[in-house]
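First up is the structure itself, then whatever we jot down about it.
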Amino acid sequence: MKRTWTSIIILGSLLLPAGAQERLVEKYLESGRLAEGRAAVETALQQQPGSDELRFQLALVQFFGSVEKFSQGMYRYGLHESIFQRSIPFLRFPVELNPNPEMASNQAVRAVLKEFLTGLAETSKTLALLPDDSKVHLPLRFGRVRLDLNGDGKIGPKEQLWRVMAELTSATTVNEENAARFGVHLDVADARWLEGYCHLLEALGEAVLAYDTSQLFAHCGSLFFSKSDSPYSFLQQKGDEWAEIFDAVAFVHLLNFPLLEGPRLEIARQHLLTVISLSRRSWNCISAETDDRFEWIPNPRQRGVVPGVRITPEMIASWRSFLDESEALLEGKQLLPFWREDPNRRGVNLRKALSEPRPFDAVLWLQGTGAAPYLQEGPITSTDFWKRLDQAFRGNFLGFALWFN
């Protein structure tokens, strides 16, 4: 498994049969009419309030609607590619270059992120209403989903979900016909999976919003946005390679942030604990499945849509051990190793770092003094554990982790 799940979802070799039954929301997703689709599903839910399938469809249109609004916000403010853009969460989302963007400010970009988190929270709340014993079954062709990514009210040729994923993963072997037909049969295990991903993205967003990024934006916002609100107008001039190099150096130099809304970091920790809980529930549901229909994540008895990948009982057991270890770290029951001391003496209490946050300075954390307030004696997570974990996933634990959630 050499690609992340976003690449795999495009390149899967198993395709839904052409005659698969269409669900209510599908025609709206495929035409990019998400607002209409949401209204239609909400109306249907009022008539059938006990329908898990309709509730799952509502969650999907809520999720894609949130992604669409986020993309429109990034387009409105002229997000463009840069040396760091592809490696920063939320800013790596591919959008067309806006020829006439609005002025981007630190507050405006934060507002776009806050709106995205609100949409994710709405989605996760809808999914949480599905019980783990639900028999929901929802075939869906993701490759046919279309989004109005630039907010012009039209669906252009580049506004198909599979194209977005291909650009995110730099996939060059995607065939439009196969991408359009690719799909999965979603069930309650996948609902728990998506719910977990919403909480994971919420955790990342809360961590970003906890800090004051205004100084970084004033000096380096032009690295990411075509029109950046800054007292330094000369930063908007493009084309000088040396200028880009020094802008990148300034970006690294300014990775130190005052606390703005510290409690958001504890909220982020709670989201991560929820991700762990949902992953356990998802795998309980996966392990109990007896069918075998275009599974997004299969159990060892099933065949999944991801080509050439077999899930073994050993992998599942290792993943559950990873969840236990991660929970212990987030609860402060296990400590992170501290590289400047005897690795068996003191470690970093991650729970304390998130629940009692201080201003963040990346350089001081690398040096070690930034971690000093959170050092304590206690059991430290073993490097041998993480080595064994990676071995269980054939040297690609991170790739499987992004897929497994």
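Lettering and numbering for the structure tokens are positional, with chains as A, B, ... in the shown order, residues counted from 1 in each chain, and ligands counted from 1 in the shown order.
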
Given only C-alpha atoms, how would the per-residue table for stretch 291-369 of chain A near stretch 139-142 of chain A read, listing every residue at most 12 Å away with its closest atom pair and distance in Å to one decimal, sorted by chain and number, as a tab-separated table?
residue	atom	partner	partner_atom	distance
A:Arg293	CA	A:Pro139	CA	9.4
A:Phe294	CA	A:Pro139	CA	8.7
A:Glu295	CA	A:Pro139	CA	10.2
A:Trp296	CA	A:Pro139	CA	10.9

Those of stretch 198-291 of chain A in DSSP alpha helix (DSSP H), formatted as a VMD selection string: chain A and resid 198 to 209 214 to 220 241 to 253 263 to 288

Do you know which residues are at most 12 Å from A:Gln367 counting only C-alpha atoms, after dropping those on the same chain fewer than 6 positions away, and could you put them as a tab-separated table (two decimals) with C-alpha atoms, in the first residue's frame?
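Saved as part.tsv:
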chain	number	residue	atom	x	y	z
A	338	PHE	CA	12.60	13.45	25.52
A	339	TRP	CA	15.69	13.31	23.37
A	340	ARG	CA	17.99	15.42	25.59
A	361	ASP	CA	7.89	28.13	19.59

So, with only C-alpha atoms as the atoms that count, which of A:Glu122, A:Asp342, A:Glu81, A:Glu102 lies closest to A:Gly65? A:Glu122

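One finds atom CA of A:Pro357 at 15.7 Å from atom CA of A:Gln376.
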
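If only C-alpha atoms are the atoms counted, then among A:Trp162, A:Phe385, A:Phe225, A:Phe64 the closest residue to A:Leu97 is A:Phe225.
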
So that I can see what lies close to stretch 154-157 of chain A, please list as JSON, numbers by chain the residues with an atom at most 10 Å from it, counting only C-alpha atoms and leaving out residues fewer than 5 positions away in the same chain. {"A": [31, 32, 33, 146, 147, 148, 149, 163]}

Could you pull the residues within 12 Å of A:Ala328, counting only C-alpha atoms, minus those fewer than 4 positions along the same chain, as a PyMOL selection string? chain A and resi 272-273+276+321-324+332-336+349-351+379-381

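Secondary structure by DSSP on the backbone puts the following residues of stretch 98-243 of chain A in strand (DSSP E or B): Ala104, Leu138, Pro139, Leu140, Arg146, Gln160, Phe182, Val184, His185, Leu186, Tyr211, Phe225 and Ser228 of chain A.
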
At a cut-off of 12 Å, can you tabulate as JSON lines every residue of stretch 103-173 of chain A near stretch 205-219 of chain A together with its closest atom pair and the distance in Å to one decimal, using only C-alpha atoms and ordering rows by chain then number?
{"residue": "A:Ala104", "atom": "CA", "partner": "A:Phe217", "partner_atom": "CA", "distance": 9.5}
{"residue": "A:Ser105", "atom": "CA", "partner": "A:Phe217", "partner_atom": "CA", "distance": 7.6}
{"residue": "A:Asn106", "atom": "CA", "partner": "A:Ser214", "partner_atom": "CA", "distance": 5.8}
{"residue": "A:Gln107", "atom": "CA", "partner": "A:Ser214", "partner_atom": "CA", "distance": 8.1}
{"residue": "A:Ala108", "atom": "CA", "partner": "A:Ser214", "partner_atom": "CA", "distance": 11.1}
{"residue": "A:Val109", "atom": "CA", "partner": "A:Phe217", "partner_atom": "CA", "distance": 9.9}
{"residue": "A:Arg110", "atom": "CA", "partner": "A:Leu209", "partner_atom": "CA", "distance": 7.2}
{"residue": "A:Ala111", "atom": "CA", "partner": "A:Leu209", "partner_atom": "CA", "distance": 9.8}
{"residue": "A:Val112", "atom": "CA", "partner": "A:Gly205", "partner_atom": "CA", "distance": 10.8}
{"residue": "A:Leu113", "atom": "CA", "partner": "A:Gly205", "partner_atom": "CA", "distance": 7.0}
{"residue": "A:Lys114", "atom": "CA", "partner": "A:Gly205", "partner_atom": "CA", "distance": 7.8}
{"residue": "A:Glu115", "atom": "CA", "partner": "A:Gly205", "partner_atom": "CA", "distance": 10.5}
{"residue": "A:Phe116", "atom": "CA", "partner": "A:Gly205", "partner_atom": "CA", "distance": 8.8}
{"residue": "A:Leu117", "atom": "CA", "partner": "A:Gly205", "partner_atom": "CA", "distance": 6.9}
{"residue": "A:Thr118", "atom": "CA", "partner": "A:Gly205", "partner_atom": "CA", "distance": 10.5}
{"residue": "A:Leu120", "atom": "CA", "partner": "A:Gly205", "partner_atom": "CA", "distance": 10.4}
{"residue": "A:Ala121", "atom": "CA", "partner": "A:Gly205", "partner_atom": "CA", "distance": 11.5}

Residue contacts of stretch 98-101 of chain A (9 Å, only C-alpha atoms) excluding same-chain residues fewer than 4 positions away, as JSON, numbers by chain: {"A": [75, 76, 77, 78, 79, 80, 150, 225, 226, 227]}

Near stretch 266-268 of chain A, counting only C-alpha atoms, which residues have an atom at most 6 Å away, once you skip same-chain residues fewer than 3 positions from it, shown as a JSON list (two decimals) with N, CA and C atoms, in the first residue's frame?
[["chain", "number", "residue", "atom", "x", "y", "z"],
["A", 203, "ALA", "N", -9.99, 18.44, 15.35],
["A", 203, "ALA", "CA", -8.86, 18.56, 16.27],
["A", 203, "ALA", "C", -7.75, 19.41, 15.67],
["A", 206, "GLU", "N", -8.95, 23.10, 15.60],
["A", 206, "GLU", "CA", -8.94, 23.72, 16.93],
["A", 206, "GLU", "C", -7.52, 24.06, 17.36],
["A", 263, "PRO", "N", -8.03, 27.29, 25.54],
["A", 263, "PRO", "CA", -8.92, 26.15, 25.77],
["A", 263, "PRO", "C", -9.21, 25.32, 24.52],
["A", 271, "HIS", "N", -11.32, 15.83, 21.00],
["A", 271, "HIS", "CA", -11.64, 15.33, 19.66],
["A", 271, "HIS", "C", -10.78, 14.10, 19.32],
["A", 354, "LEU", "N", -1.39, 19.91, 26.27],
["A", 354, "LEU", "CA", -2.61, 20.35, 25.60],
["A", 354, "LEU", "C", -3.60, 21.00, 26.57],
["A", 355, "SER", "N", -3.62, 20.54, 27.80],
["A", 355, "SER", "CA", -4.59, 21.09, 28.76],
["A", 355, "SER", "C", -4.05, 22.30, 29.53]]

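For the atom pair formed by atom CA of A:Glu331 and atom CA of A:Lys352, the distance is 8.7 Å, given to one decimal.
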
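Picture a line from atom CA of A:Phe93 to atom CA of A:Gly221; it runs 16.3 Å.
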
Using only C-alpha atoms, I'd like a table of the residues in stretch 172-238 of chain A that come within 9 Å of stretch 298-312 of chain A; for each, show the closest atom pair and its distance in Å rounded to one decimal, ordered by chain and ascending number, as JSON lines.
{"residue": "A:Phe182", "atom": "CA", "partner": "A:Val305", "partner_atom": "CA", "distance": 8.9}
{"residue": "A:Gly183", "atom": "CA", "partner": "A:Val305", "partner_atom": "CA", "distance": 8.2}
{"residue": "A:Val184", "atom": "CA", "partner": "A:Val305", "partner_atom": "CA", "distance": 7.1}

Output C-alpha atoms for every residue in the selection just made, as a PDB file, in the first residue's frame.
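This is the output file again.pdb:
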ATOM      1  CA  PHE A 182     -15.541   3.723  -8.859  1.00  0.00           C
ATOM      2  CA  GLY A 183     -17.613   3.353  -5.758  1.00  0.00           C
ATOM      3  CA  VAL A 184     -18.132   1.598  -2.476  1.00  0.00           C
TER       4      VAL A 184
END
